[in-house]
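> One file is attached below, protein-v2.pdb, containing PDB, C-alpha atoms and all ligand atoms.
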```pdb
ATOM      1  CA  MET A   1     -12.997  15.762  14.087
ATOM      2  CA  LYS A   2     -15.812  15.879  11.537
ATOM      3  CA  ILE A   3     -17.316  12.675  10.155
ATOM      4  CA  ILE A   4     -18.589  13.164   6.626
ATOM      5  CA  ARG A   5     -20.524  10.460   4.805
ATOM      6  CA  SER A   6     -21.980  12.341   1.849
ATOM      7  CA  LEU A   7     -19.857  12.897  -1.262
ATOM      8  CA  THR A   8     -21.302  16.327  -1.942
ATOM      9  CA  ALA A   9     -20.651  17.453   1.656
ATOM     10  CA  MET A  10     -17.062  16.192   1.380
ATOM     11  CA  THR A  11     -16.438  18.108  -1.846
ATOM     12  CA  ALA A  12     -18.105  21.252  -0.489
ATOM     13  CA  TRP A  13     -15.880  21.155   2.625
ATOM     14  CA  SER A  14     -12.722  20.787   0.512
ATOM     15  CA  GLU A  15     -13.724  23.413  -2.028
ATOM     16  CA  ARG A  16     -14.376  25.958   0.721
ATOM     17  CA  LEU A  17     -10.926  25.346   2.235
ATOM     18  CA  ARG A  18      -9.224  25.402  -1.154
ATOM     19  CA  ARG A  19     -10.720  28.830  -1.839
ATOM     20  CA  GLU A  20      -9.192  30.005   1.467
ATOM     21  CA  GLY A  21      -5.769  28.744   0.343
ATOM     22  CA  VAL A  22      -5.666  25.796   2.762
ATOM     23  CA  THR A  23      -3.516  22.805   1.747
ATOM     24  CA  ILE A  24      -5.486  19.566   1.978
ATOM     25  CA  GLY A  25      -3.734  16.258   2.691
ATOM     26  CA  PHE A  26      -5.406  12.895   2.173
ATOM     27  CA  VAL A  27      -4.780   9.357   3.420
ATOM     28  CA  PRO A  28      -7.118   6.883   1.691
ATOM     29  CA  THR A  29      -7.686   3.681   3.696
ATOM     30  CA  MET A  30      -9.986   0.715   4.021
ATOM     31  CA  GLY A  31      -9.988   1.126   7.810
ATOM     32  CA  ALA A  32      -8.697  -1.456  10.329
ATOM     33  CA  LEU A  33      -6.023   1.160  10.949
ATOM     34  CA  HIS A  34      -2.648   0.122  12.369
ATOM     35  CA  ASP A  35       0.683   1.791  13.028
ATOM     36  CA  GLY A  36       1.470   1.844   9.298
ATOM     37  CA  HIS A  37      -1.594   4.057   8.746
ATOM     38  CA  ARG A  38      -0.681   6.076  11.823
ATOM     39  CA  ALA A  39       2.738   6.791  10.281
ATOM     40  CA  LEU A  40       1.085   7.909   7.027
ATOM     41  CA  ILE A  41      -1.314  10.176   8.933
ATOM     42  CA  ARG A  42       1.564  11.704  10.914
ATOM     43  CA  ALA A  43       3.611  12.270   7.758
ATOM     44  CA  ALA A  44       0.578  13.875   6.121
ATOM     45  CA  ARG A  45      -0.102  16.071   9.168
ATOM     46  CA  LEU A  46       3.359  17.629   8.777
ATOM     47  CA  ARG A  47       2.734  18.493   5.136
ATOM     48  CA  CYS A  48      -0.760  19.990   5.100
ATOM     49  CA  ASP A  49      -3.101  22.370   6.906
ATOM     50  CA  ALA A  50      -6.208  20.170   6.780
ATOM     51  CA  LEU A  51      -6.163  16.388   6.781
ATOM     52  CA  VAL A  52      -8.767  13.950   5.467
ATOM     53  CA  VAL A  53      -8.664  10.187   6.084
ATOM     54  CA  SER A  54     -11.135   8.058   4.152
ATOM     55  CA  ILE A  55     -12.409   4.765   5.503
ATOM     56  CA  PHE A  56     -14.057   2.773   2.744
ATOM     57  CA  VAL A  57     -13.816  -0.975   2.216
ATOM     58  CA  ASN A  58     -13.988  -0.807  -1.542
ATOM     59  CA  PRO A  59     -15.975  -3.762  -2.876
ATOM     60  CA  THR A  60     -14.732  -3.448  -6.462
ATOM     61  CA  GLN A  61     -11.138  -4.323  -5.569
ATOM     62  CA  PHE A  62     -12.134  -7.714  -4.115
ATOM     63  CA  SER A  63     -12.941 -10.719  -6.310
ATOM     64  CA  PRO A  64     -16.064 -12.727  -5.389
ATOM     65  CA  THR A  65     -13.884 -15.378  -3.694
ATOM     66  CA  GLU A  66     -11.915 -12.876  -1.584
ATOM     67  CA  ASP A  67     -12.387 -11.603   1.959
ATOM     68  CA  LEU A  68     -14.739  -8.613   1.464
ATOM     69  CA  ALA A  69     -17.319  -9.967   3.937
ATOM     70  CA  ARG A  70     -14.824 -10.748   6.688
ATOM     71  CA  TYR A  71     -12.519  -7.742   6.159
ATOM     72  CA  PRO A  72     -12.104  -6.179   9.653
ATOM     73  CA  ARG A  73     -14.219  -3.045  10.262
ATOM     74  CA  PRO A  74     -13.392  -1.683  13.755
ATOM     75  CA  LEU A  75     -14.914   1.710  12.954
ATOM     76  CA  GLU A  76     -14.971   3.184  16.467
ATOM     77  CA  ARG A  77     -11.304   2.253  17.040
ATOM     78  CA  ASP A  78     -10.378   3.729  13.648
ATOM     79  CA  ARG A  79     -12.143   6.971  14.446
ATOM     80  CA  ALA A  80     -10.384   7.141  17.824
ATOM     81  CA  LEU A  81      -6.988   6.739  16.130
ATOM     82  CA  CYS A  82      -7.868   9.506  13.663
ATOM     83  CA  ARG A  83      -8.952  11.799  16.524
ATOM     84  CA  GLU A  84      -5.718  11.066  18.431
ATOM     85  CA  GLU A  85      -3.669  11.988  15.352
ATOM     86  CA  GLY A  86      -5.436  15.278  14.724
ATOM     87  CA  VAL A  87      -7.306  14.278  11.559
ATOM     88  CA  ASP A  88      -9.798  16.960  10.546
ATOM     89  CA  VAL A  89     -12.239  14.849   8.552
ATOM     90  CA  CYS A  90     -12.953  11.154   8.562
ATOM     91  CA  PHE A  91     -14.669  10.527   5.226
ATOM     92  CA  GLU A  92     -16.848   7.412   5.423
ATOM     93  CA  PRO A  93     -18.879   7.068   2.235
ATOM     94  CA  THR A  94     -21.248   4.148   1.704
ATOM     95  CA  ALA A  95     -20.858   1.745  -1.237
ATOM     96  CA  ALA A  96     -24.223   2.960  -2.554
ATOM     97  CA  ALA A  97     -22.975   6.552  -2.594
ATOM     98  CA  MET A  98     -19.669   5.636  -4.245
ATOM     99  CA  TYR A  99     -21.260   3.313  -6.811
ATOM    100  CA  PRO A 100     -24.826   4.510  -7.366
ATOM    101  CA  GLU A 101     -27.254   2.880  -9.757
ATOM    102  CA  GLY A 102     -25.950   3.309 -13.311
ATOM    103  CA  PHE A 103     -22.265   3.614 -12.350
ATOM    104  CA  GLU A 104     -20.228   2.014 -15.131
ATOM    105  CA  THR A 105     -16.822   3.681 -15.452
ATOM    106  CA  VAL A 106     -13.708   1.593 -14.832
ATOM    107  CA  VAL A 107     -10.235   3.143 -14.696
ATOM    108  CA  THR A 108      -7.444   0.817 -15.737
ATOM    109  CA  VAL A 109      -3.690   1.218 -15.843
ATOM    110  CA  PRO A 110      -3.118  -1.741 -18.115
ATOM    111  CA  GLU A 111       0.651  -2.214 -18.161
ATOM    112  CA  ILE A 112       1.509  -1.685 -14.495
ATOM    113  CA  GLY A 113      -1.782  -3.270 -13.467
ATOM    114  CA  ARG A 114      -1.500  -6.530 -15.382
ATOM    115  CA  ARG A 115       1.688  -7.825 -13.726
ATOM    116  CA  TRP A 116       2.293  -9.521 -10.382
ATOM    117  CA  GLU A 117      -0.695  -8.790  -8.154
ATOM    118  CA  GLY A 118      -2.719  -8.083 -11.295
ATOM    119  CA  GLU A 119      -2.060 -11.577 -12.622
ATOM    120  CA  VAL A 120      -3.155 -13.282  -9.415
ATOM    121  CA  ARG A 121      -5.997 -10.817  -8.657
ATOM    122  CA  PRO A 122      -7.321  -9.507 -12.007
ATOM    123  CA  HIS A 123     -10.171  -7.558 -10.338
ATOM    124  CA  HIS A 124      -7.919  -5.767  -7.946
ATOM    125  CA  PHE A 125      -6.189  -2.903  -9.732
ATOM    126  CA  PRO A 126      -9.131  -1.710 -11.877
ATOM    127  CA  GLY A 127     -11.030  -1.524  -8.561
ATOM    128  CA  VAL A 128      -8.203   0.396  -6.878
ATOM    129  CA  ALA A 129      -7.652   2.775  -9.817
ATOM    130  CA  THR A 130     -11.372   3.519 -10.077
ATOM    131  CA  VAL A 131     -11.912   4.150  -6.376
ATOM    132  CA  VAL A 132      -8.750   6.248  -6.007
ATOM    133  CA  THR A 133      -9.810   8.397  -8.978
ATOM    134  CA  LYS A 134     -13.292   8.810  -7.477
ATOM    135  CA  LEU A 135     -11.889   9.575  -4.001
ATOM    136  CA  PHE A 136      -9.516  12.179  -5.451
ATOM    137  CA  GLY A 137     -12.416  13.726  -7.404
ATOM    138  CA  THR A 138     -14.500  13.905  -4.231
ATOM    139  CA  VAL A 139     -11.913  14.894  -1.621
ATOM    140  CA  ARG A 140      -9.902  17.142  -4.007
ATOM    141  CA  PRO A 141      -6.677  16.924  -1.998
ATOM    142  CA  HIS A 142      -3.437  18.688  -2.858
ATOM    143  CA  LEU A 143      -1.413  15.682  -1.706
ATOM    144  CA  ALA A 144      -2.107  12.040  -0.887
ATOM    145  CA  LEU A 145      -0.020   9.502   0.987
ATOM    146  CA  PHE A 146       0.371   5.782   0.318
ATOM    147  CA  GLY A 147       2.471   3.084   1.966
ATOM    148  CA  GLN A 148       5.383   1.384   0.228
ATOM    149  CA  LYS A 149       4.045  -1.960   1.500
ATOM    150  CA  ASP A 150       1.665  -1.954  -1.497
ATOM    151  CA  TYR A 151       4.443  -1.061  -3.898
ATOM    152  CA  GLN A 152       2.591  -1.923  -7.090
ATOM    153  CA  GLN A 153      -0.441   0.067  -5.960
ATOM    154  CA  SER A 154       1.728   3.161  -5.376
ATOM    155  CA  ALA A 155       3.408   2.793  -8.774
ATOM    156  CA  LEU A 156      -0.001   2.472 -10.393
ATOM    157  CA  VAL A 157      -1.418   5.505  -8.565
ATOM    158  CA  ARG A 158       1.580   7.615  -9.576
ATOM    159  CA  ARG A 159       1.061   6.599 -13.240
ATOM    160  CA  LEU A 160      -2.677   7.271 -13.029
ATOM    161  CA  VAL A 161      -2.238  10.721 -11.519
ATOM    162  CA  GLU A 162       0.327  11.693 -14.124
ATOM    163  CA  ASP A 163      -1.583  10.248 -17.099
ATOM    164  CA  LEU A 164      -4.885  11.855 -16.121
ATOM    165  CA  SER A 165      -3.312  15.124 -14.853
ATOM    166  CA  LEU A 166      -5.164  14.765 -11.561
ATOM    167  CA  GLY A 167      -2.994  17.397  -9.895
ATOM    168  CA  VAL A 168      -2.464  15.470  -6.656
ATOM    169  CA  GLU A 169       1.050  15.121  -5.267
ATOM    170  CA  ILE A 170       1.658  11.439  -4.401
ATOM    171  CA  ILE A 171       3.913  10.719  -1.452
ATOM    172  CA  VAL A 172       4.984   7.138  -0.730
ATOM    173  CA  ARG A 173       6.203   6.415   2.787
ATOM    174  CA  PRO A 174       8.328   3.499   3.995
ATOM    175  CA  THR A 175       6.754   0.252   5.152
ATOM    176  CA  VAL A 176       6.202   0.049   8.899
ATOM    177  CA  ARG A 177       7.155  -3.343  10.323
ATOM    178  CA  GLU A 178       6.577  -5.389  13.428
ATOM    179  CA  ARG A 179       9.686  -6.067  15.518
ATOM    180  CA  ASP A 180      10.281  -9.347  13.690
ATOM    181  CA  GLY A 181      10.120  -7.649  10.293
ATOM    182  CA  LEU A 182       6.577  -8.549   9.229
ATOM    183  CA  ALA A 183       5.085  -5.640   7.286
ATOM    184  CA  MET A 184       2.064  -4.215   9.097
ATOM    185  CA  SER A 185      -1.189  -4.994   7.342
ATOM    186  CA  SER A 186      -4.867  -4.994   8.273
ATOM    187  CA  ARG A 187      -4.959  -8.636   7.166
ATOM    188  CA  ASN A 188      -2.325  -9.790   9.706
ATOM    189  CA  VAL A 189      -5.213 -10.460  12.133
ATOM    190  CA  TYR A 190      -6.145 -13.464   9.977
ATOM    191  CA  PHE A 191      -2.993 -15.421  10.982
ATOM    192  CA  SER A 192      -3.190 -18.264  13.483
ATOM    193  CA  SER A 193      -0.474 -18.057  16.159
ATOM    194  CA  GLY A 194       1.569 -20.701  14.280
ATOM    195  CA  GLU A 195       1.258 -18.836  10.976
ATOM    196  CA  ARG A 196       2.198 -15.549  12.645
ATOM    197  CA  ILE A 197       5.579 -17.046  13.612
ATOM    198  CA  VAL A 198       6.260 -18.082  10.007
ATOM    199  CA  ALA A 199       4.945 -14.869   8.391
ATOM    200  CA  PRO A 200       8.198 -12.794   8.649
ATOM    201  CA  THR A 201       9.941 -15.327   6.393
ATOM    202  CA  LEU A 202       8.855 -13.349   3.334
ATOM    203  CA  TYR A 203      10.734 -10.314   4.620
ATOM    204  CA  LYS A 204      13.745 -12.493   5.461
ATOM    205  CA  GLY A 205      13.699 -13.792   1.887
ATOM    206  CA  LEU A 206      13.633 -10.245   0.513
ATOM    207  CA  GLN A 207      16.484  -9.322   2.837
ATOM    208  CA  ALA A 208      18.489 -12.256   1.477
ATOM    209  CA  GLY A 209      17.901 -10.884  -2.029
ATOM    210  CA  ALA A 210      18.987  -7.392  -0.927
ATOM    211  CA  GLU A 211      22.066  -8.884   0.718
ATOM    212  CA  ALA A 212      22.983 -10.677  -2.520
ATOM    213  CA  VAL A 213      22.793  -7.332  -4.367
ATOM    214  CA  ALA A 214      24.845  -5.619  -1.645
ATOM    215  CA  LYS A 215      27.497  -8.324  -2.031
ATOM    216  CA  GLY A 216      27.781  -7.542  -5.728
ATOM    217  CA  LYS A 217      25.442 -10.075  -7.382
ATOM    218  CA  THR A 218      24.016  -8.456 -10.478
ATOM    219  CA  LYS A 219      22.254 -11.358 -12.227
ATOM    220  CA  ALA A 220      18.564 -11.120 -11.340
ATOM    221  CA  SER A 221      18.302 -14.938 -11.372
ATOM    222  CA  ASP A 222      20.946 -15.130  -8.594
ATOM    223  CA  VAL A 223      19.082 -12.545  -6.516
ATOM    224  CA  GLN A 224      15.809 -14.380  -7.104
ATOM    225  CA  ALA A 225      17.441 -17.692  -6.090
ATOM    226  CA  ALA A 226      18.751 -16.117  -2.856
ATOM    227  CA  MET A 227      15.198 -15.049  -1.945
ATOM    228  CA  ALA A 228      13.648 -18.387  -2.911
ATOM    229  CA  LYS A 229      16.214 -20.351  -0.884
ATOM    230  CA  VAL A 230      15.077 -18.705   2.370
ATOM    231  CA  ILE A 231      11.380 -19.003   1.633
ATOM    232  CA  ASP A 232      11.487 -22.585   0.313
ATOM    233  CA  ARG A 233      13.026 -23.696   3.615
ATOM    234  CA  GLU A 234       9.840 -22.774   5.473
ATOM    235  CA  ARG A 235       7.120 -25.408   5.231
ATOM    236  CA  GLY A 236       3.633 -23.951   4.868
ATOM    237  CA  LEU A 237       4.678 -21.063   2.599
ATOM    238  CA  THR A 238       3.836 -21.206  -1.095
ATOM    239  CA  ILE A 239       5.508 -18.704  -3.384
ATOM    240  CA  ASP A 240       3.222 -16.798  -5.768
ATOM    241  CA  TYR A 241       6.103 -14.741  -7.133
ATOM    242  CA  LEU A 242       9.537 -13.443  -6.170
ATOM    243  CA  ALA A 243      10.749 -10.955  -8.726
ATOM    244  CA  VAL A 244      13.506  -8.450  -9.400
ATOM    245  CA  CYS A 245      11.857  -5.522 -11.168
ATOM    246  CA  ASP A 246      12.280  -2.066 -12.601
ATOM    247  CA  PRO A 247      11.089   0.297  -9.820
ATOM    248  CA  LEU A 248       8.877   2.395 -12.124
ATOM    249  CA  THR A 249       7.430   0.005 -14.704
ATOM    250  CA  LEU A 250       7.677  -3.153 -12.547
ATOM    251  CA  GLU A 251       8.986  -5.043 -15.583
ATOM    252  CA  LEU A 252      11.179  -8.016 -14.810
ATOM    253  CA  LEU A 253      14.897  -7.161 -14.937
ATOM    254  CA  SER A 254      17.609  -9.564 -16.089
ATOM    255  CA  SER A 255      20.312  -7.726 -14.149
ATOM    256  CA  VAL A 256      20.557  -5.222 -11.312
ATOM    257  CA  THR A 257      22.740  -2.356 -12.452
ATOM    258  CA  SER A 258      21.132   0.528 -10.562
ATOM    259  CA  LYS A 259      17.890   0.780  -8.598
ATOM    260  CA  ALA A 260      15.508  -2.176  -8.522
ATOM    261  CA  VAL A 261      12.585  -3.381  -6.450
ATOM    262  CA  LEU A 262      12.384  -6.895  -5.074
ATOM    263  CA  LEU A 263       8.728  -7.932  -5.036
ATOM    264  CA  GLY A 264       7.409 -10.947  -3.193
ATOM    265  CA  ALA A 265       4.057 -12.627  -2.630
ATOM    266  CA  VAL A 266       3.474 -15.868  -0.745
ATOM    267  CA  ARG A 267       0.519 -17.807   0.582
ATOM    268  CA  LEU A 268       0.366 -18.840   4.199
ATOM    269  CA  GLY A 269      -2.790 -20.746   5.159
ATOM    270  CA  SER A 270      -5.687 -18.673   3.856
ATOM    271  CA  VAL A 271      -3.657 -15.441   3.768
ATOM    272  CA  ARG A 272      -1.671 -13.913   0.893
ATOM    273  CA  LEU A 273       1.271 -11.849   2.037
ATOM    274  CA  ILE A 274       2.995  -9.251  -0.119
ATOM    275  CA  ASP A 275       6.124  -7.256   0.610
ATOM    276  CA  ASN A 276       8.999  -5.537  -1.182
ATOM    277  CA  LEU A 277      12.410  -3.965  -0.778
ATOM    278  CA  ILE A 278      14.117  -1.309  -2.869
ATOM    279  CA  VAL A 279      17.735  -2.112  -3.685
ATOM    280  CA  THR A 280      20.499  -0.177  -5.381
ATOM    281  CA  ALA A 281      23.452  -1.960  -6.922
ATOM    282  CA  GLY A 282      26.677  -0.984  -5.192
ATOM    283  CA  SER A 283      24.895   1.193  -2.618
ATOM    284  CA  LYS A 284      26.990   1.777   0.498
ATOM    285  CA  ARG A 285      23.871   2.939   2.329
ATOM    286  CA  MET A 286      22.149  -0.351   1.647
ATOM    287  CA  GLN A 287      25.174  -2.311   2.837
ATOM    288  CA  ARG A 288      25.109  -0.287   6.059
ATOM    289  CA  LYS A 289      21.377  -0.900   6.495
ATOM    290  CA  LEU A 290      21.857  -4.620   5.986
ATOM    291  CA  SER A 291      24.639  -4.741   8.518
ATOM    292  CA  GLU A 292      22.381  -2.943  11.024
ATOM    293  CA  ARG A 293      19.618  -5.463  10.194
ATOM    294  CA  LEU A 294      16.914  -3.316  11.692
ATOM    295  CA  PRO A 295      13.397  -4.060  10.464
ATOM    296  CA  ARG A 296      12.495  -0.368  10.118
ATOM    297  CA  GLY A 297      11.230   1.510   7.085
ATOM    298  CA  GLU A 298      13.122   1.284   3.856
ATOM    299  CA  GLY A 299      13.361   4.440   1.764
ATOM    300  CA  VAL A 300      11.966   4.738  -1.719
TER     301      VAL A 300
HETATM  302  O1  LIG B   1      -4.428   0.538   0.169
HETATM  303  C1  LIG B   1      -5.642   0.576   0.449
HETATM  304  O2  LIG B   1      -6.032   0.556   1.608
HETATM  305  C2  LIG B   1      -6.678   0.617  -0.670
HETATM  306  O3  LIG B   1      -6.260  -0.135  -1.760
HETATM  307  C3  LIG B   1      -7.067   2.029  -1.088
HETATM  308  C4  LIG B   1      -5.892   2.797  -1.669
HETATM  309  C5  LIG B   1      -7.624   2.789   0.108
HETATM  310  C6  LIG B   1      -8.163   1.986  -2.156
HETATM  311  O4  LIG B   1      -9.285   1.314  -1.689
END
```
Write the structure described by the file as structure tokens, please.


Amino acid sequence: MKIIRSLTAMTAWSERLRREGVTIGFVPTMGALHDGHRALIRAARLRCDALVVSIFVNPTQFSPTEDLARYPRPLERDRALCREEGVDVCFEPTAAAMYPEGFETVVTVPEIGRRWEGEVRPHHFPGVATVVTKLFGTVRPHLALFGQKDYQQSALVRRLVEDLSLGVEIIVRPTVRERDGLAMSSRNVYFSSGERIVAPTLYKGLQAGAEAVAKGKTKASDVQAAMAKVIDRERGLTIDYLAVCDPLTLELLSSVTSKAVLLGAVRLGSVRLIDNLIVTAGSKRMQRKLSERLPRGEGV
């Protein structure tokens, strides 16, 4: 596996392969790789000839009060995982190379980006949209994979790629969960052992919402109440939002008549947890999944 740190070397590598007709897959990450990333890398491996994983803790998507300084950076372990999974290039740019003196462009996706996470973390999505655009411009992949765990991020990236004709196919893969349902995240290491026990409650709340839809509830306020009931029971969790939304625009829905996404964000100690579930009104498949009650991936 090659480790590339320079932007020009990264682009030169990709351009050479593109000229030879090689399909380039890309998994952008901030490192601290876990089994969710591993699943994305494996899914990418099946779809491309050459695979690039970027490891870059992007400073512009953190607000000054957030965890940029303490964000985990186990670089050697990350590289080992990439090697194990047959990654061809680990792209590890520095912040100075990504944002050199004089850098001033900011990419925003105002509608999708202002809601939910955008309201609580106004810095976040302009930072994500800008770095993803820059990474795509540097790596020049044919396809890029994102996890459903960050649902709003994936919706925003899809919009961005379409609006700016970036020519990258975006593939969103199901959330990978721990056995108790907690969505895998690099930030799960922040939990104390007590908090870790409580953390899956967000997923249980979302499941309660999905169950309400499967049982025929169509009023979004009923579905929202079903989610809140489960989460409110757990002391120590504070709800930021629990919402029933349109799966593309993320606008709040008043009723669930077809496909919807249940979005949730809670605070637990110093950690914010986000998660989501896709639901379809009247879906037999969803009813079956709920009856199985397996905390596996949920399809988009
Ligand atoms: O999801 C992430 O890890 C980051 O937001 C991303 C897409 C790598 C951009 O920094």

> Measuring between only C-alpha atoms and all ligand atoms, which one of A:Thr138, A:Thr23, A:Thr94, A:Ser185 shows the shortest distance to ligand LIG 1 (chain B)?

A:Ser185

> Please identify every polymer residue within 7 Å of ligand LIG 1 (chain B), using all atoms listed in the file, and present the set as a VMD selection string.

chain A and resid 28 to 30 56 to 58 128 131 to 132 150

> So how many Å separate atom CA of Met98 of chain A and atom CA of Pro126 of chain A, to one decimal?

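Those two atoms sit 14.9 Å apart.
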
> Taking the file above as input, evaluate the PyMOL selection byres (((chain A and resi 122) around 12) and not hetatm) and report the hits as a ChimeraX atom specification.

/A:60-64,66,108-110,113-121,123-128

> Just say which residues the PyMOL selection byres (((chain A and resi 173) around 10) and not hetatm) picks in this file, as number ranges by chain.

A: 36, 39-40, 43-44, 145-149, 154, 170-172, 174-176, 297-300
